[in-house]
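Heads up, query.pdb below (PDB, C-alpha atoms):
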```
ATOM      1  CA  MET B1279      28.007  30.438 -17.025  1.00  0.00           C
ATOM      2  CA  ALA B1280      26.100  28.680 -19.802  1.00  0.00           C
ATOM      3  CA  VAL B1281      23.200  26.408 -18.979  1.00  0.00           C
ATOM      4  CA  ARG B1282      23.384  23.086 -20.793  1.00  0.00           C
ATOM      5  CA  LEU B1283      20.033  21.782 -21.900  1.00  0.00           C
ATOM      6  CA  GLN B1284      19.616  18.038 -21.745  1.00  0.00           C
ATOM      7  CA  PRO B1285      18.402  16.391 -24.935  1.00  0.00           C
ATOM      8  CA  ARG B1286      14.818  15.212 -24.723  1.00  0.00           C
ATOM      9  CA  PRO B1287      13.451  12.275 -26.657  1.00  0.00           C
ATOM     10  CA  HIS B1288      10.908  12.802 -29.376  1.00  0.00           C
ATOM     11  CA  ARG B1289       7.390  12.457 -28.006  1.00  0.00           C
ATOM     12  CA  SER B1290       6.724   9.332 -30.059  1.00  0.00           C
ATOM     13  CA  GLU B1291      10.012   7.780 -28.900  1.00  0.00           C
ATOM     14  CA  PHE B1292       9.140   8.473 -25.266  1.00  0.00           C
ATOM     15  CA  ALA B1293       5.562   7.235 -25.740  1.00  0.00           C
ATOM     16  CA  ASP B1294       6.952   3.956 -27.118  1.00  0.00           C
ATOM     17  CA  PHE B1295       9.376   3.756 -24.194  1.00  0.00           C
ATOM     18  CA  VAL B1296       6.571   4.347 -21.661  1.00  0.00           C
ATOM     19  CA  GLY B1297       4.373   1.764 -23.379  1.00  0.00           C
ATOM     20  CA  ASP B1298       7.160  -0.782 -23.050  1.00  0.00           C
ATOM     21  CA  VAL B1299       8.383   0.035 -19.522  1.00  0.00           C
ATOM     22  CA  GLU B1300       5.351   1.317 -17.608  1.00  0.00           C
ATOM     23  CA  PRO B1301       3.367  -1.926 -17.155  1.00  0.00           C
ATOM     24  CA  ARG B1302       6.234  -3.805 -15.483  1.00  0.00           C
ATOM     25  CA  LEU B1303       7.393  -0.762 -13.525  1.00  0.00           C
ATOM     26  CA  LEU B1304       3.864  -0.167 -12.248  1.00  0.00           C
ATOM     27  CA  GLN B1305       3.455  -3.821 -11.275  1.00  0.00           C
ATOM     28  CA  ALA B1306       6.736  -3.776  -9.377  1.00  0.00           C
ATOM     29  CA  LEU B1307       6.057  -0.557  -7.489  1.00  0.00           C
ATOM     30  CA  VAL B1308       2.453  -1.512  -6.697  1.00  0.00           C
ATOM     31  CA  ALA B1309       3.648  -4.903  -5.447  1.00  0.00           C
ATOM     32  CA  THR B1310       6.079  -3.156  -3.113  1.00  0.00           C
ATOM     33  CA  TYR B1311       4.181  -0.051  -1.982  1.00  0.00           C
ATOM     34  CA  GLY B1312       0.502  -0.663  -2.692  1.00  0.00           C
ATOM     35  CA  PRO B1313      -1.753   0.773  -5.392  1.00  0.00           C
ATOM     36  CA  ARG B1314      -1.769   4.473  -4.531  1.00  0.00           C
ATOM     37  CA  VAL B1315       1.889   5.001  -3.654  1.00  0.00           C
ATOM     38  CA  GLY B1316       2.984   2.561  -6.375  1.00  0.00           C
ATOM     39  CA  ARG B1317       1.155   4.586  -9.036  1.00  0.00           C
ATOM     40  CA  GLU B1318       2.594   7.866  -7.709  1.00  0.00           C
ATOM     41  CA  ALA B1319       6.093   6.399  -7.653  1.00  0.00           C
ATOM     42  CA  THR B1320       5.648   5.157 -11.237  1.00  0.00           C
ATOM     43  CA  VAL B1321       4.665   8.634 -12.387  1.00  0.00           C
ATOM     44  CA  ASP B1322       7.635  10.119 -10.535  1.00  0.00           C
ATOM     45  CA  ALA B1323      10.032   7.567 -12.077  1.00  0.00           C
ATOM     46  CA  LEU B1324       8.728   8.163 -15.602  1.00  0.00           C
ATOM     47  CA  SER B1325       8.922  11.930 -15.057  1.00  0.00           C
ATOM     48  CA  TRP B1326      12.531  11.450 -14.014  1.00  0.00           C
ATOM     49  CA  ALA B1327      13.107   9.440 -17.208  1.00  0.00           C
ATOM     50  CA  TRP B1328      11.793  12.329 -19.309  1.00  0.00           C
ATOM     51  CA  GLU B1329      13.915  14.867 -17.446  1.00  0.00           C
ATOM     52  CA  HIS B1330      17.093  12.752 -17.533  1.00  0.00           C
ATOM     53  CA  TRP B1331      16.708  10.948 -20.839  1.00  0.00           C
ATOM     54  CA  ASP B1332      20.406  11.241 -21.673  1.00  0.00           C
ATOM     55  CA  ARG B1333      21.383   9.502 -18.418  1.00  0.00           C
ATOM     56  CA  LEU B1334      18.920   6.661 -18.941  1.00  0.00           C
ATOM     57  CA  GLY B1335      20.125   5.820 -22.455  1.00  0.00           C
ATOM     58  CA  PRO B1336      23.184   3.677 -21.650  1.00  0.00           C
ATOM     59  CA  ILE B1337      21.468   1.763 -18.814  1.00  0.00           C
ATOM     60  CA  ALA B1338      20.711  -1.840 -19.786  1.00  0.00           C
ATOM     61  CA  ASP B1339      18.002  -2.613 -17.203  1.00  0.00           C
ATOM     62  CA  LYS B1340      15.815   0.464 -17.477  1.00  0.00           C
ATOM     63  CA  VAL B1341      12.903  -1.028 -15.503  1.00  0.00           C
ATOM     64  CA  GLY B1342      15.217  -1.954 -12.619  1.00  0.00           C
ATOM     65  CA  TYR B1343      16.831   1.471 -12.626  1.00  0.00           C
ATOM     66  CA  LEU B1344      13.475   3.282 -12.722  1.00  0.00           C
ATOM     67  CA  TYR B1345      12.222   0.986  -9.948  1.00  0.00           C
ATOM     68  CA  ARG B1346      14.989   2.369  -7.745  1.00  0.00           C
ATOM     69  CA  VAL B1347      14.112   5.917  -8.844  1.00  0.00           C
ATOM     70  CA  GLY B1348      10.512   5.152  -7.813  1.00  0.00           C
ATOM     71  CA  GLN B1349      11.710   3.758  -4.484  1.00  0.00           C
ATOM     72  CA  SER B1350      13.556   7.011  -3.823  1.00  0.00           C
ATOM     73  CA  ALA B1351      10.434   8.979  -4.720  1.00  0.00           C
ATOM     74  CA  THR B1352       8.428   7.086  -2.095  1.00  0.00           C
ATOM     75  CA  ARG B1353      10.516   8.650   0.649  1.00  0.00           C
ATOM     76  CA  ARG B1354       8.312  11.710   0.217  1.00  0.00           C
ATOM     77  CA  TYR B1355       5.369   9.533   1.168  1.00  0.00           C
ATOM     78  CA  SER B1356       7.095   7.985   4.203  1.00  0.00           C
ATOM     79  CA  SER B1357       4.474   9.243   6.624  1.00  0.00           C
ATOM     80  CA  ARG B1358       1.806   7.331   4.700  1.00  0.00           C
ATOM     81  CA  PRO B1359       1.144   3.697   5.577  1.00  0.00           C
ATOM     82  CA  ILE B1360       1.664   1.057   2.913  1.00  0.00           C
ATOM     83  CA  PRO B1361      -1.868   0.422   1.663  1.00  0.00           C
ATOM     84  CA  LEU B1362      -2.416  -3.236   0.932  1.00  0.00           C
ATOM     85  CA  ARG B1363      -6.115  -3.107   1.672  1.00  0.00           C
ATOM     86  CA  ARG B1364      -8.655  -4.423  -0.716  1.00  0.00           C
ATOM     87  CA  SER B1365      -9.704  -1.716  -3.098  1.00  0.00           C
ATOM     88  CA  VAL B1366     -12.945  -3.437  -4.065  1.00  0.00           C
ATOM     89  CA  SER B1367     -16.276  -2.703  -2.469  1.00  0.00           C
ATOM     90  CA  GLU B1368     -17.683  -5.095   0.090  1.00  0.00           C
ATOM     91  CA  ASP B1369     -20.346  -6.098  -2.459  1.00  0.00           C
ATOM     92  CA  VAL B1370     -17.738  -7.561  -4.799  1.00  0.00           C
ATOM     93  CA  ARG B1371     -16.185 -10.844  -3.768  1.00  0.00           C
ATOM     94  CA  LEU B1372     -12.875 -12.056  -5.107  1.00  0.00           C
ATOM     95  CA  VAL B1373     -13.735 -15.721  -5.479  1.00  0.00           C
ATOM     96  CA  ASP B1374     -10.192 -17.042  -5.855  1.00  0.00           C
ATOM     97  CA  ILE B1375      -8.629 -15.015  -3.051  1.00  0.00           C
ATOM     98  CA  ASP B1376      -8.765 -15.962   0.598  1.00  0.00           C
ATOM     99  CA  PRO B1377     -10.052 -12.937   2.557  1.00  0.00           C
ATOM    100  CA  GLY B1378      -7.080 -13.248   4.913  1.00  0.00           C
ATOM    101  CA  LEU B1379      -4.493 -13.019   2.126  1.00  0.00           C
ATOM    102  CA  ILE B1380      -4.245  -9.221   1.938  1.00  0.00           C
ATOM    103  CA  PRO B1381      -3.731  -8.793   5.712  1.00  0.00           C
ATOM    104  CA  ALA B1382      -1.271 -11.718   5.670  1.00  0.00           C
ATOM    105  CA  LEU B1383       0.755 -10.037   2.904  1.00  0.00           C
ATOM    106  CA  THR B1384       1.185  -6.971   5.111  1.00  0.00           C
ATOM    107  CA  HIS B1385       3.034  -9.125   7.662  1.00  0.00           C
ATOM    108  CA  LEU B1386       5.743 -10.074   5.161  1.00  0.00           C
ATOM    109  CA  SER B1387       8.909  -8.074   4.687  1.00  0.00           C
ATOM    110  CA  GLU B1388       8.881  -5.605   1.799  1.00  0.00           C
ATOM    111  CA  GLN B1389      11.087  -7.823  -0.374  1.00  0.00           C
ATOM    112  CA  GLN B1390       9.151 -10.998   0.433  1.00  0.00           C
ATOM    113  CA  ARG B1391       5.855  -9.291  -0.410  1.00  0.00           C
ATOM    114  CA  THR B1392       7.281  -7.879  -3.633  1.00  0.00           C
ATOM    115  CA  VAL B1393       8.640 -11.265  -4.729  1.00  0.00           C
ATOM    116  CA  VAL B1394       5.373 -13.097  -3.960  1.00  0.00           C
ATOM    117  CA  VAL B1395       3.138 -10.552  -5.686  1.00  0.00           C
ATOM    118  CA  LEU B1396       5.320 -10.210  -8.781  1.00  0.00           C
ATOM    119  CA  ILE B1397       5.706 -13.969  -9.233  1.00  0.00           C
ATOM    120  CA  HIS B1398       2.257 -15.227  -8.253  1.00  0.00           C
ATOM    121  CA  ALA B1399      -0.010 -12.279  -9.087  1.00  0.00           C
ATOM    122  CA  PHE B1400       1.768 -10.802 -12.106  1.00  0.00           C
ATOM    123  CA  GLY B1401       3.485 -13.910 -13.490  1.00  0.00           C
ATOM    124  CA  TRP B1402       7.073 -12.630 -13.423  1.00  0.00           C
ATOM    125  CA  SER B1403       9.904 -15.147 -13.481  1.00  0.00           C
ATOM    126  CA  GLN B1404      12.266 -15.452 -10.532  1.00  0.00           C
ATOM    127  CA  THR B1405      15.054 -14.232 -12.812  1.00  0.00           C
ATOM    128  CA  ASP B1406      13.128 -11.062 -13.724  1.00  0.00           C
ATOM    129  CA  VAL B1407      12.298 -10.370 -10.073  1.00  0.00           C
ATOM    130  CA  ALA B1408      15.927 -10.905  -9.047  1.00  0.00           C
ATOM    131  CA  ARG B1409      17.107  -8.525 -11.767  1.00  0.00           C
ATOM    132  CA  LEU B1410      14.577  -5.874 -10.710  1.00  0.00           C
ATOM    133  CA  LEU B1411      15.476  -6.087  -7.020  1.00  0.00           C
ATOM    134  CA  ASP B1412      19.212  -6.372  -7.795  1.00  0.00           C
ATOM    135  CA  ILE B1413      19.526  -9.670  -5.916  1.00  0.00           C
ATOM    136  CA  THR B1414      20.566 -13.153  -7.005  1.00  0.00           C
ATOM    137  CA  VAL B1415      18.010 -15.648  -8.263  1.00  0.00           C
ATOM    138  CA  SER B1416      18.740 -17.880  -5.274  1.00  0.00           C
ATOM    139  CA  THR B1417      17.969 -14.964  -2.933  1.00  0.00           C
ATOM    140  CA  ALA B1418      14.687 -14.316  -4.754  1.00  0.00           C
ATOM    141  CA  ARG B1419      13.877 -18.031  -4.469  1.00  0.00           C
ATOM    142  CA  GLU B1420      14.641 -17.925  -0.731  1.00  0.00           C
ATOM    143  CA  HIS B1421      12.431 -14.837  -0.224  1.00  0.00           C
ATOM    144  CA  LEU B1422       9.654 -16.639  -2.095  1.00  0.00           C
ATOM    145  CA  SER B1423      10.038 -19.838  -0.079  1.00  0.00           C
ATOM    146  CA  ARG B1424      10.041 -18.043   3.273  1.00  0.00           C
ATOM    147  CA  ALA B1425       7.145 -15.800   2.290  1.00  0.00           C
ATOM    148  CA  LEU B1426       5.017 -18.738   1.158  1.00  0.00           C
ATOM    149  CA  GLY B1427       5.839 -20.539   4.415  1.00  0.00           C
ATOM    150  CA  HIS B1428       4.701 -17.518   6.440  1.00  0.00           C
ATOM    151  CA  LEU B1429       1.541 -17.203   4.352  1.00  0.00           C
ATOM    152  CA  ARG B1430       0.742 -20.916   4.758  1.00  0.00           C
ATOM    153  CA  ASP B1431       1.203 -20.632   8.528  1.00  0.00           C
ATOM    154  CA  GLU B1432      -0.884 -17.485   8.799  1.00  0.00           C
ATOM    155  CA  LEU B1433      -3.652 -18.747   6.530  1.00  0.00           C
ATOM    156  CA  VAL B1434      -3.456 -22.280   8.031  1.00  0.00           C
ATOM    157  CA  VAL B1435      -2.933 -23.962   4.689  1.00  0.00           C
ATOM    158  CA  CYS B1436      -1.969 -27.619   4.741  1.00  0.00           C
ATOM    159  CA  ASP B1437      -0.261 -29.444   1.888  1.00  0.00           C
ATOM    160  CA  ALA B1438      -2.472 -32.090   0.280  1.00  0.00           C
ATOM    161  CA  SER B1439       0.423 -34.555   0.107  1.00  0.00           C
TER     162      SER B1439
END
```
How does this structure look as structure tokens?
Amino acid sequence: MAVRLQPRPHRSEFADFVGDVEPRLLQALVATYGPRVGREATVDALSWAWEHWDRLGPIADKVGYLYRVGQSATRRYSSRPIPLRRSVSEDVRLVDIDPGLIPALTHLSEQQRTVVVLIHAFGWSQTDVARLLDITVSTAREHLSRALGHLRDELVVCDAS
């Protein structure tokens, strides 16, 4: 029985690929799973891309596909809580962020939290978020609307109008 070796990309080709894909993949996985697990899942997904380069080639939405690879990798971390705690010291204040926002985000569903963070923290479009999560734009919009409603209620934010 012969062992078939999978073709690997050239290092420069893969470095260019990582430079293009990693920032958005990292943002998406951190938005969903928190900084530590999100970074580990990103590394796992990019490692998978290196190992299975031939399978990744024909896929149009590589970030979306690797996001799902990263999601699968997080199953190994299932006993760990999703860390959405502030990672800054108590001495540093985030002027523009309500101190109750991070705890309030933990009360949202995984998809609602991901949609809110990607759109409002990382500046993704609703279309890009929908493509990543493999949902329709209207579903992404509904997740966003419900999540913002929950956040407003929890943070007791009133509309100025």
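The set of residues that the PyMOL selection byres ((chain B and resi 1295) around 12) takes from this file is Pro1287, His1288, Arg1289, Ser1290, Glu1291, Phe1292, Ala1293, Asp1294, Val1296, Gly1297, Asp1298, Val1299, Glu1300, Pro1301, Arg1302, Leu1303, Leu1324, Ala1327, Trp1328, Trp1331, Leu1334, Gly1335, Lys1340 and Val1341 of chain B.
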Expand the PyMOL selection byres ((chain B and resi 1344-1354) around 10) into the explicit residue set it covers here, and present it as a PyMOL selection string. chain B and resi 1299-1300+1302-1304+1306-1307+1310-1311+1315-1324+1326-1327+1334+1339-1343+1355-1358+1410-1412
Check what the PyMOL selection byres ((chain B and resi 1425) around 10) selects in the file above and give those residues as a PyMOL selection string. chain B and resi 1382-1383+1385-1387+1389-1394+1419-1424+1426-1431
For a test of reading the model, state the distance in Å between atom CA of Leu1396 of chain B and atom CA of Asp1332 of chain B, rounded to one decimal.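 So the two atoms, atom CA of Leu1396 of chain B and atom CA of Asp1332 of chain B, lie 29.2 Å apart.
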Gap from atom CA of Leu1379 of chain B to atom CA of Gln1305 of chain B - Å, one decimal: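 Between these atoms lies a distance of 18.1 Å.
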Work out how far apart atom CA of Gly1312 of chain B and atom CA of Val1434 of chain B are and give it in Å to one decimal. 24.5 Å
Pick from B:Arg1409, B:Val1308, B:Thr1384, B:Ser1416: nearest to Ala1338 of chain B, with all atoms listed in the file counted?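 Of the candidates, the smallest distance to Ala1338 of chain B is held by B:Arg1409.
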Residue rebuild result segment 1307-1328 of chain B, N, CA and C atoms as a PDB file, keeping the file's coordinate frame:
```pdb
ATOM      1  N   LEU B1307       6.229  -1.556  -8.545  1.00  0.00           N
ATOM      2  CA  LEU B1307       6.057  -0.557  -7.489  1.00  0.00           C
ATOM      3  C   LEU B1307       4.752  -0.765  -6.722  1.00  0.00           C
ATOM      4  N   VAL B1308       3.709  -1.209  -7.399  1.00  0.00           N
ATOM      5  CA  VAL B1308       2.453  -1.512  -6.697  1.00  0.00           C
ATOM      6  C   VAL B1308       2.641  -2.730  -5.799  1.00  0.00           C
ATOM      7  N   ALA B1309       3.385  -3.719  -6.267  1.00  0.00           N
ATOM      8  CA  ALA B1309       3.648  -4.903  -5.447  1.00  0.00           C
ATOM      9  C   ALA B1309       4.404  -4.537  -4.174  1.00  0.00           C
ATOM     10  N   THR B1310       5.262  -3.549  -4.260  1.00  0.00           N
ATOM     11  CA  THR B1310       6.079  -3.156  -3.113  1.00  0.00           C
ATOM     12  C   THR B1310       5.369  -2.162  -2.195  1.00  0.00           C
ATOM     13  N   TYR B1311       4.692  -1.170  -2.775  1.00  0.00           N
ATOM     14  CA  TYR B1311       4.181  -0.051  -1.982  1.00  0.00           C
ATOM     15  C   TYR B1311       2.663   0.092  -1.955  1.00  0.00           C
ATOM     16  N   GLY B1312       1.953  -0.768  -2.660  1.00  0.00           N
ATOM     17  CA  GLY B1312       0.502  -0.663  -2.692  1.00  0.00           C
ATOM     18  C   GLY B1312       0.048   0.173  -3.875  1.00  0.00           C
ATOM     19  N   PRO B1313      -1.249   0.139  -4.168  1.00  0.00           N
ATOM     20  CA  PRO B1313      -1.753   0.773  -5.392  1.00  0.00           C
ATOM     21  C   PRO B1313      -1.536   2.281  -5.478  1.00  0.00           C
ATOM     22  N   ARG B1314      -1.851   3.011  -4.446  1.00  0.00           N
ATOM     23  CA  ARG B1314      -1.769   4.473  -4.531  1.00  0.00           C
ATOM     24  C   ARG B1314      -0.327   4.949  -4.612  1.00  0.00           C
ATOM     25  N   VAL B1315       0.493   4.557  -3.669  1.00  0.00           N
ATOM     26  CA  VAL B1315       1.889   5.001  -3.654  1.00  0.00           C
ATOM     27  C   VAL B1315       2.646   4.413  -4.844  1.00  0.00           C
ATOM     28  N   GLY B1316       2.335   3.175  -5.222  1.00  0.00           N
ATOM     29  CA  GLY B1316       2.984   2.561  -6.375  1.00  0.00           C
ATOM     30  C   GLY B1316       2.722   3.330  -7.658  1.00  0.00           C
ATOM     31  N   ARG B1317       1.472   3.794  -7.838  1.00  0.00           N
ATOM     32  CA  ARG B1317       1.155   4.586  -9.036  1.00  0.00           C
ATOM     33  C   ARG B1317       1.878   5.936  -8.995  1.00  0.00           C
ATOM     34  N   GLU B1318       1.896   6.576  -7.825  1.00  0.00           N
ATOM     35  CA  GLU B1318       2.594   7.866  -7.709  1.00  0.00           C
ATOM     36  C   GLU B1318       4.083   7.709  -7.968  1.00  0.00           C
ATOM     37  N   ALA B1319       4.667   6.638  -7.450  1.00  0.00           N
ATOM     38  CA  ALA B1319       6.093   6.399  -7.653  1.00  0.00           C
ATOM     39  C   ALA B1319       6.391   6.106  -9.124  1.00  0.00           C
ATOM     40  N   THR B1320       5.481   5.423  -9.809  1.00  0.00           N
ATOM     41  CA  THR B1320       5.648   5.157 -11.237  1.00  0.00           C
ATOM     42  C   THR B1320       5.654   6.457 -12.025  1.00  0.00           C
ATOM     43  N   VAL B1321       4.716   7.329 -11.712  1.00  0.00           N
ATOM     44  CA  VAL B1321       4.665   8.634 -12.387  1.00  0.00           C
ATOM     45  C   VAL B1321       5.948   9.416 -12.115  1.00  0.00           C
ATOM     46  N   ASP B1322       6.398   9.412 -10.874  1.00  0.00           N
ATOM     47  CA  ASP B1322       7.635  10.119 -10.535  1.00  0.00           C
ATOM     48  C   ASP B1322       8.828   9.541 -11.295  1.00  0.00           C
ATOM     49  N   ALA B1323       8.908   8.209 -11.385  1.00  0.00           N
ATOM     50  CA  ALA B1323      10.032   7.567 -12.077  1.00  0.00           C
ATOM     51  C   ALA B1323      10.000   7.882 -13.576  1.00  0.00           C
ATOM     52  N   LEU B1324       8.826   7.847 -14.177  1.00  0.00           N
ATOM     53  CA  LEU B1324       8.728   8.163 -15.602  1.00  0.00           C
ATOM     54  C   LEU B1324       8.983   9.643 -15.868  1.00  0.00           C
ATOM     55  N   SER B1325       8.601  10.500 -14.936  1.00  0.00           N
ATOM     56  CA  SER B1325       8.922  11.930 -15.057  1.00  0.00           C
ATOM     57  C   SER B1325      10.432  12.125 -15.007  1.00  0.00           C
ATOM     58  N   TRP B1326      11.075  11.383 -14.108  1.00  0.00           N
ATOM     59  CA  TRP B1326      12.531  11.450 -14.014  1.00  0.00           C
ATOM     60  C   TRP B1326      13.145  10.996 -15.341  1.00  0.00           C
ATOM     61  N   ALA B1327      12.582   9.943 -15.937  1.00  0.00           N
ATOM     62  CA  ALA B1327      13.107   9.440 -17.208  1.00  0.00           C
ATOM     63  C   ALA B1327      13.021  10.511 -18.288  1.00  0.00           C
ATOM     64  N   TRP B1328      11.942  11.250 -18.326  1.00  0.00           N
ATOM     65  CA  TRP B1328      11.793  12.329 -19.309  1.00  0.00           C
ATOM     66  C   TRP B1328      12.825  13.420 -19.069  1.00  0.00           C
TER      67      TRP B1328
END
```
